[in-house]
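Peer 1: See target_20.pdb below, with PDB, C-alpha atoms, pLDDT in the B column.
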```
ATOM      1  CA  GLU A  26     -37.223  63.137 -52.355  1.00 59.00           C
ATOM      2  CA  PHE A  27     -37.768  60.255 -54.792  1.00 63.00           C
ATOM      3  CA  ARG A  28     -39.928  60.876 -57.847  1.00 68.00           C
ATOM      4  CA  ARG A  29     -40.680  58.538 -60.695  1.00 72.00           C
ATOM      5  CA  VAL A  30     -40.081  60.738 -63.728  1.00 72.00           C
ATOM      6  CA  LEU A  31     -39.101  58.247 -66.431  1.00 68.00           C
ATOM      7  CA  PHE A  32     -41.105  55.465 -67.942  1.00 72.00           C
ATOM      8  CA  ARG A  33     -38.968  52.941 -69.758  1.00 70.00           C
ATOM      9  CA  SER A  34     -40.145  51.881 -73.182  1.00 79.00           C
ATOM     10  CA  HIS A  35     -37.016  49.960 -74.275  1.00 87.00           C
ATOM     11  CA  LEU A  36     -34.091  48.366 -72.470  1.00 88.00           C
ATOM     12  CA  ALA A  37     -31.405  46.318 -74.235  1.00 90.00           C
ATOM     13  CA  GLU A  38     -27.672  45.703 -74.309  1.00 88.00           C
ATOM     14  CA  ASP A  39     -25.940  46.973 -77.447  1.00 88.00           C
ATOM     15  CA  GLU A  40     -22.325  47.376 -78.611  1.00 89.00           C
ATOM     16  CA  ARG A  41     -21.801  50.398 -76.313  1.00 86.00           C
ATOM     17  CA  GLY A  42     -23.502  49.016 -73.236  1.00 87.00           C
ATOM     18  CA  LEU A  43     -27.019  49.309 -71.848  1.00 88.00           C
ATOM     19  CA  GLN A  44     -29.420  51.232 -74.080  1.00 89.00           C
ATOM     20  CA  VAL A  45     -32.397  52.796 -72.336  1.00 89.00           C
ATOM     21  CA  ILE A  46     -35.197  54.532 -74.202  1.00 88.00           C
ATOM     22  CA  ALA A  47     -37.657  56.268 -71.910  1.00 87.00           C
ATOM     23  CA  ARG A  48     -40.142  59.086 -71.753  1.00 86.00           C
ATOM     24  CA  LEU A  49     -40.526  61.767 -69.115  1.00 88.00           C
ATOM     25  CA  ASN A  50     -43.740  62.420 -67.252  1.00 85.00           C
ATOM     26  CA  ASP A  51     -45.914  65.077 -68.858  1.00 86.00           C
ATOM     27  CA  ASP A  52     -46.044  67.304 -65.792  1.00 88.00           C
ATOM     28  CA  GLU A  53     -44.236  70.420 -64.562  1.00 90.00           C
ATOM     29  CA  PHE A  54     -41.223  68.516 -63.238  1.00 88.00           C
ATOM     30  CA  GLY A  55     -40.976  66.377 -66.400  1.00 88.00           C
ATOM     31  CA  ARG A  56     -40.979  69.534 -68.535  1.00 90.00           C
ATOM     32  CA  LEU A  57     -38.236  71.034 -66.342  1.00 91.00           C
ATOM     33  CA  LEU A  58     -36.112  67.911 -66.816  1.00 91.00           C
ATOM     34  CA  SER A  59     -36.797  68.016 -70.559  1.00 91.00           C
ATOM     35  CA  ARG A  60     -35.441  71.586 -70.728  1.00 93.00           C
ATOM     36  CA  GLU A  61     -32.384  70.634 -68.672  1.00 94.00           C
ATOM     37  CA  LEU A  62     -31.698  67.672 -70.989  1.00 93.00           C
ATOM     38  CA  SER A  63     -32.244  69.702 -74.170  1.00 92.00           C
ATOM     39  CA  GLN A  64     -29.891  72.435 -72.953  1.00 92.00           C
ATOM     40  CA  GLY A  65     -27.192  69.949 -71.921  1.00 90.00           C
ATOM     41  CA  ARG A  66     -27.262  70.821 -68.222  1.00 93.00           C
ATOM     42  CA  LEU A  67     -28.437  67.322 -67.332  1.00 93.00           C
ATOM     43  CA  SER A  68     -26.910  64.484 -69.329  1.00 94.00           C
ATOM     44  CA  GLY A  69     -25.752  61.671 -67.050  1.00 95.00           C
ATOM     45  CA  LEU A  70     -27.278  58.336 -66.151  1.00 93.00           C
ATOM     46  CA  SER A  71     -26.892  56.319 -62.970  1.00 93.00           C
ATOM     47  CA  PHE A  72     -27.872  52.655 -62.746  1.00 92.00           C
ATOM     48  CA  GLY A  73     -28.908  50.984 -59.521  1.00 93.00           C
ATOM     49  CA  TYR A  74     -28.566  47.217 -59.617  1.00 95.00           C
ATOM     50  CA  ARG A  75     -28.200  44.085 -57.527  1.00 97.00           C
ATOM     51  CA  VAL A  76     -25.386  41.696 -58.453  1.00 97.00           C
ATOM     52  CA  ARG A  77     -26.593  38.127 -58.921  1.00 98.00           C
ATOM     53  CA  GLN A  78     -23.323  36.611 -60.142  1.00 98.00           C
ATOM     54  CA  SER A  79     -19.785  37.964 -60.467  1.00 97.00           C
ATOM     55  CA  ALA A  80     -16.179  36.858 -60.838  1.00 97.00           C
ATOM     56  CA  THR A  81     -13.176  38.582 -59.289  1.00 95.00           C
ATOM     57  CA  ASN A  82      -9.541  38.404 -60.337  1.00 93.00           C
ATOM     58  CA  ALA A  83      -6.474  40.394 -59.269  1.00 92.00           C
ATOM     59  CA  ARG A  84      -7.433  43.405 -61.405  1.00 94.00           C
ATOM     60  CA  ALA A  85     -11.199  43.643 -61.632  1.00 94.00           C
ATOM     61  CA  ARG A  86     -14.624  42.351 -60.740  1.00 95.00           C
ATOM     62  CA  GLU A  87     -16.698  41.138 -63.689  1.00 93.00           C
ATOM     63  CA  LEU A  88     -20.451  41.360 -63.283  1.00 92.00           C
ATOM     64  CA  ASN A  89     -21.944  38.364 -65.085  1.00 94.00           C
ATOM     65  CA  ASP A  90     -25.578  38.726 -64.038  1.00 95.00           C
ATOM     66  CA  VAL A  91     -27.298  41.761 -62.514  1.00 94.00           C
ATOM     67  CA  GLU A  92     -30.839  42.775 -61.682  1.00 95.00           C
ATOM     68  CA  LEU A  93     -31.502  46.353 -62.788  1.00 91.00           C
ATOM     69  CA  LEU A  94     -33.419  48.192 -60.063  1.00 91.00           C
ATOM     70  CA  GLU A  95     -33.484  51.772 -61.301  1.00 88.00           C
ATOM     71  CA  VAL A  96     -32.134  54.285 -63.809  1.00 89.00           C
ATOM     72  CA  SER A  97     -31.657  57.892 -62.705  1.00 89.00           C
ATOM     73  CA  LEU A  98     -30.871  61.142 -64.495  1.00 90.00           C
ATOM     74  CA  VAL A  99     -27.832  62.795 -62.886  1.00 93.00           C
ATOM     75  CA  ARG A 100     -25.501  65.716 -63.580  1.00 93.00           C
ATOM     76  CA  ARG A 101     -22.259  63.829 -62.857  1.00 94.00           C
ATOM     77  CA  PRO A 102     -22.427  60.075 -63.378  1.00 95.00           C
ATOM     78  CA  MET A 103     -19.836  57.843 -61.713  1.00 93.00           C
ATOM     79  CA  GLN A 104     -19.214  56.208 -65.105  1.00 92.00           C
ATOM     80  CA  PRO A 105     -18.403  59.178 -67.417  1.00 93.00           C
ATOM     81  CA  LEU A 106     -19.704  57.352 -70.508  1.00 92.00           C
ATOM     82  CA  ALA A 107     -23.168  56.753 -68.985  1.00 94.00           C
ATOM     83  CA  ARG A 108     -24.866  59.593 -70.849  1.00 93.00           C
ATOM     84  CA  VAL A 109     -28.084  60.653 -72.520  1.00 92.00           C
ATOM     85  CA  HIS A 110     -27.263  60.659 -76.218  1.00 88.00           C
ATOM     86  CA  LYS A 111     -30.499  61.891 -77.767  1.00 84.00           C
ATOM     87  CA  VAL A 112     -33.451  63.991 -76.619  1.00 83.00           C
ATOM     88  CA  THR A 113     -36.646  64.335 -78.658  1.00 80.00           C
ATOM     89  CA  ARG A 114     -39.948  65.953 -77.838  1.00 70.00           C
TER      90      ARG A 114
END
```
Show how you would write the structure in this file as structure tokens.

Peer 2:
Amino acid sequence: EFRRVLFRSHLAEDERGLQVIARLNDDEFGRLLSRELSQGRLSGLSFGYRVRQSATNARARELNDVELLEVSLVRRPMQPLARVHKVTR
């Protein structure tokens, strides 16, 4: 089941990658996610995107332009460095 639980307040590229600042819904499920984040049981991020422009060489595919479609909280992100770094209430 899909639920919108985050509302993005800031999105920008920084020296580490894509920085997302968001707030959780103030409902029962949002409070559950907040506890999971605060206790470290939920700390990954997953990004859904559409590639607009890319370049491929023998070793890798470079994404030059993407359209960000969604950001999800996950337990095990595909990219290990895609993590929640700070949780405040």

Peer 1: State, in Å with one decimal place, the distance from CA of Arg48 in chain A to CA of Lys111 in chain A.

Peer 2: 11.7 Å

Peer 1: Using the chain letters and numbers from the file, give me the residues hit by the PyMOL selection byres ((chain A and resi 107) around 8), as a PyMOL selection string.

Peer 2: chain A and resi 69-71+102+104-106+108-109

Peer 1: Go through A:Leu62, A:Val91, A:Ala80, A:Leu67 one by one, measure the shortest atom-to-atom distance of each to Thr113 in chain A using only C-alpha atoms, and give the residue with the smallest value.

Peer 2: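 So, comparing all the options, the nearest one is A:Leu62.
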
Peer 1: By how many Å are CA of Arg100 in chain A and CA of Leu88 in chain A apart?

Peer 2: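 Going from CA of Arg100 in chain A over to CA of Leu88 in chain A covers 24.9 Å.
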
Peer 1: Give the answer as one residue: which of A:Arg101, A:Arg29, A:Glu92, A:Ser79 has the shortest atom-to-atom distance to Arg66 in chain A, using only C-alpha atoms?

Peer 2: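 Counting only C-alpha atoms, the residue closest to Arg66 in chain A is A:Arg101.
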
Peer 1: Would you mind reading off the distance between CA of Gly65 in chain A and CA of Val45 in chain A, one decimal, in Å?

Peer 2: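 These two atoms are separated by 17.9 Å.
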
Peer 1: Apply the PyMOL selection byres ((chain A and resi 75) around 9) to the displayed file and report the matching residues as JSON, numbers by chain.

Peer 2: {"A": [73, 74, 76, 77, 90, 91, 92, 93, 94]}

Peer 1: Which residues, written as an NGL selection string, have at least one atom at most 12 Å from Gln44 in chain A, with all atoms listed in the file counted and residues fewer than 2 positions away on the same chain left out?

Peer 2: :A and (33-42 or 46-47 or 70 or 72 or 96 or 107-111)

Peer 1: With all heavy atoms as the target, complete range 96-107 of chain A and hand it back as a PDB file, keeping the file's coordinate frame.

Peer 2:
```
ATOM      1  N   VAL A  96     -32.967  53.430 -62.969  1.00 89.00           N
ATOM      2  CA  VAL A  96     -32.134  54.285 -63.809  1.00 89.00           C
ATOM      3  C   VAL A  96     -32.472  55.715 -63.419  1.00 89.00           C
ATOM      4  O   VAL A  96     -33.643  56.088 -63.370  1.00 89.00           O
ATOM      5  CB  VAL A  96     -32.420  54.063 -65.312  1.00 89.00           C
ATOM      6  CG1 VAL A  96     -31.565  54.992 -66.161  1.00 89.00           C
ATOM      7  CG2 VAL A  96     -32.196  52.611 -65.694  1.00 89.00           C
ATOM      8  N   SER A  97     -31.436  56.510 -63.133  1.00 89.00           N
ATOM      9  CA  SER A  97     -31.657  57.892 -62.705  1.00 89.00           C
ATOM     10  C   SER A  97     -30.947  58.863 -63.634  1.00 89.00           C
ATOM     11  O   SER A  97     -29.875  58.566 -64.159  1.00 89.00           O
ATOM     12  CB  SER A  97     -31.096  58.109 -61.293  1.00 89.00           C
ATOM     13  OG  SER A  97     -31.740  57.292 -60.364  1.00 89.00           O
ATOM     14  N   LEU A  98     -31.536  60.032 -63.814  1.00 90.00           N
ATOM     15  CA  LEU A  98     -30.871  61.142 -64.495  1.00 90.00           C
ATOM     16  C   LEU A  98     -30.013  61.868 -63.466  1.00 90.00           C
ATOM     17  O   LEU A  98     -30.495  62.192 -62.378  1.00 90.00           O
ATOM     18  CB  LEU A  98     -31.907  62.116 -65.061  1.00 90.00           C
ATOM     19  CG  LEU A  98     -32.763  61.590 -66.201  1.00 90.00           C
ATOM     20  CD1 LEU A  98     -33.942  62.517 -66.448  1.00 90.00           C
ATOM     21  CD2 LEU A  98     -31.923  61.444 -67.458  1.00 90.00           C
ATOM     22  N   VAL A  99     -28.745  62.122 -63.803  1.00 93.00           N
ATOM     23  CA  VAL A  99     -27.832  62.795 -62.886  1.00 93.00           C
ATOM     24  C   VAL A  99     -26.962  63.793 -63.659  1.00 93.00           C
ATOM     25  O   VAL A  99     -26.800  63.681 -64.866  1.00 93.00           O
ATOM     26  CB  VAL A  99     -26.930  61.786 -62.130  1.00 93.00           C
ATOM     27  CG1 VAL A  99     -27.757  60.860 -61.257  1.00 93.00           C
ATOM     28  CG2 VAL A  99     -26.088  60.966 -63.088  1.00 93.00           C
ATOM     29  N   ARG A 100     -26.407  64.749 -62.947  1.00 93.00           N
ATOM     30  CA  ARG A 100     -25.501  65.716 -63.580  1.00 93.00           C
ATOM     31  C   ARG A 100     -24.099  65.152 -63.767  1.00 93.00           C
ATOM     32  O   ARG A 100     -23.454  65.427 -64.760  1.00 93.00           O
ATOM     33  CB  ARG A 100     -25.429  66.991 -62.752  1.00 93.00           C
ATOM     34  CG  ARG A 100     -26.722  67.768 -62.750  1.00 93.00           C
ATOM     35  CD  ARG A 100     -26.529  69.175 -62.202  1.00 93.00           C
ATOM     36  NE  ARG A 100     -27.810  69.823 -62.023  1.00 93.00           N
ATOM     37  CZ  ARG A 100     -28.483  70.424 -62.988  1.00 93.00           C
ATOM     38  NH1 ARG A 100     -28.009  70.447 -64.195  1.00 93.00           N
ATOM     39  NH2 ARG A 100     -29.644  70.988 -62.739  1.00 93.00           N
ATOM     40  N   ARG A 101     -23.619  64.387 -62.796  1.00 94.00           N
ATOM     41  CA  ARG A 101     -22.259  63.829 -62.857  1.00 94.00           C
ATOM     42  C   ARG A 101     -22.304  62.331 -62.563  1.00 94.00           C
ATOM     43  O   ARG A 101     -22.217  61.926 -61.404  1.00 94.00           O
ATOM     44  CB  ARG A 101     -21.361  64.547 -61.858  1.00 94.00           C
ATOM     45  CG  ARG A 101     -21.055  65.985 -62.258  1.00 94.00           C
ATOM     46  CD  ARG A 101     -20.240  66.634 -61.196  1.00 94.00           C
ATOM     47  NE  ARG A 101     -21.051  66.697 -59.979  1.00 94.00           N
ATOM     48  CZ  ARG A 101     -21.345  67.794 -59.319  1.00 94.00           C
ATOM     49  NH1 ARG A 101     -20.853  68.922 -59.691  1.00 94.00           N
ATOM     50  NH2 ARG A 101     -22.100  67.763 -58.256  1.00 94.00           N
ATOM     51  N   PRO A 102     -22.380  61.516 -63.611  1.00 95.00           N
ATOM     52  CA  PRO A 102     -22.427  60.075 -63.378  1.00 95.00           C
ATOM     53  C   PRO A 102     -21.071  59.532 -62.930  1.00 95.00           C
ATOM     54  O   PRO A 102     -20.023  60.074 -63.290  1.00 95.00           O
ATOM     55  CB  PRO A 102     -22.808  59.514 -64.745  1.00 95.00           C
ATOM     56  CG  PRO A 102     -22.273  60.509 -65.710  1.00 95.00           C
ATOM     57  CD  PRO A 102     -22.434  61.848 -65.026  1.00 95.00           C
ATOM     58  N   MET A 103     -21.081  58.471 -62.141  1.00 93.00           N
ATOM     59  CA  MET A 103     -19.836  57.843 -61.713  1.00 93.00           C
ATOM     60  C   MET A 103     -19.086  57.294 -62.921  1.00 93.00           C
ATOM     61  O   MET A 103     -17.879  57.414 -63.009  1.00 93.00           O
ATOM     62  CB  MET A 103     -20.109  56.727 -60.713  1.00 93.00           C
ATOM     63  CG  MET A 103     -18.839  56.045 -60.241  1.00 93.00           C
ATOM     64  SD  MET A 103     -19.140  54.857 -58.945  1.00 93.00           S
ATOM     65  CE  MET A 103     -19.246  55.953 -57.541  1.00 93.00           C
ATOM     66  N   GLN A 104     -19.813  56.684 -63.862  1.00 92.00           N
ATOM     67  CA  GLN A 104     -19.214  56.208 -65.105  1.00 92.00           C
ATOM     68  C   GLN A 104     -19.391  57.328 -66.141  1.00 92.00           C
ATOM     69  O   GLN A 104     -20.502  57.611 -66.578  1.00 92.00           O
ATOM     70  CB  GLN A 104     -19.908  54.923 -65.559  1.00 92.00           C
ATOM     71  CG  GLN A 104     -19.650  54.450 -66.972  1.00 92.00           C
ATOM     72  CD  GLN A 104     -18.225  54.446 -67.417  1.00 92.00           C
ATOM     73  OE1 GLN A 104     -17.792  55.418 -68.009  1.00 92.00           O
ATOM     74  NE2 GLN A 104     -17.496  53.393 -67.147  1.00 92.00           N
ATOM     75  N   PRO A 105     -18.297  58.010 -66.529  1.00 93.00           N
ATOM     76  CA  PRO A 105     -18.403  59.178 -67.417  1.00 93.00           C
ATOM     77  C   PRO A 105     -19.083  58.904 -68.758  1.00 93.00           C
ATOM     78  O   PRO A 105     -19.636  59.819 -69.362  1.00 93.00           O
ATOM     79  CB  PRO A 105     -16.956  59.608 -67.629  1.00 93.00           C
ATOM     80  CG  PRO A 105     -16.204  59.016 -66.493  1.00 93.00           C
ATOM     81  CD  PRO A 105     -16.925  57.759 -66.111  1.00 93.00           C
ATOM     82  N   LEU A 106     -19.085  57.666 -69.227  1.00 92.00           N
ATOM     83  CA  LEU A 106     -19.704  57.352 -70.508  1.00 92.00           C
ATOM     84  C   LEU A 106     -21.195  57.046 -70.400  1.00 92.00           C
ATOM     85  O   LEU A 106     -21.863  56.848 -71.418  1.00 92.00           O
ATOM     86  CB  LEU A 106     -18.977  56.174 -71.171  1.00 92.00           C
ATOM     87  CG  LEU A 106     -17.509  56.426 -71.499  1.00 92.00           C
ATOM     88  CD1 LEU A 106     -16.870  55.165 -72.066  1.00 92.00           C
ATOM     89  CD2 LEU A 106     -17.351  57.593 -72.456  1.00 92.00           C
ATOM     90  N   ALA A 107     -21.735  57.015 -69.182  1.00 94.00           N
ATOM     91  CA  ALA A 107     -23.168  56.753 -68.985  1.00 94.00           C
ATOM     92  C   ALA A 107     -23.916  58.070 -69.205  1.00 94.00           C
ATOM     93  O   ALA A 107     -24.119  58.851 -68.286  1.00 94.00           O
ATOM     94  CB  ALA A 107     -23.422  56.202 -67.586  1.00 94.00           C
TER      95      ALA A 107
END
```
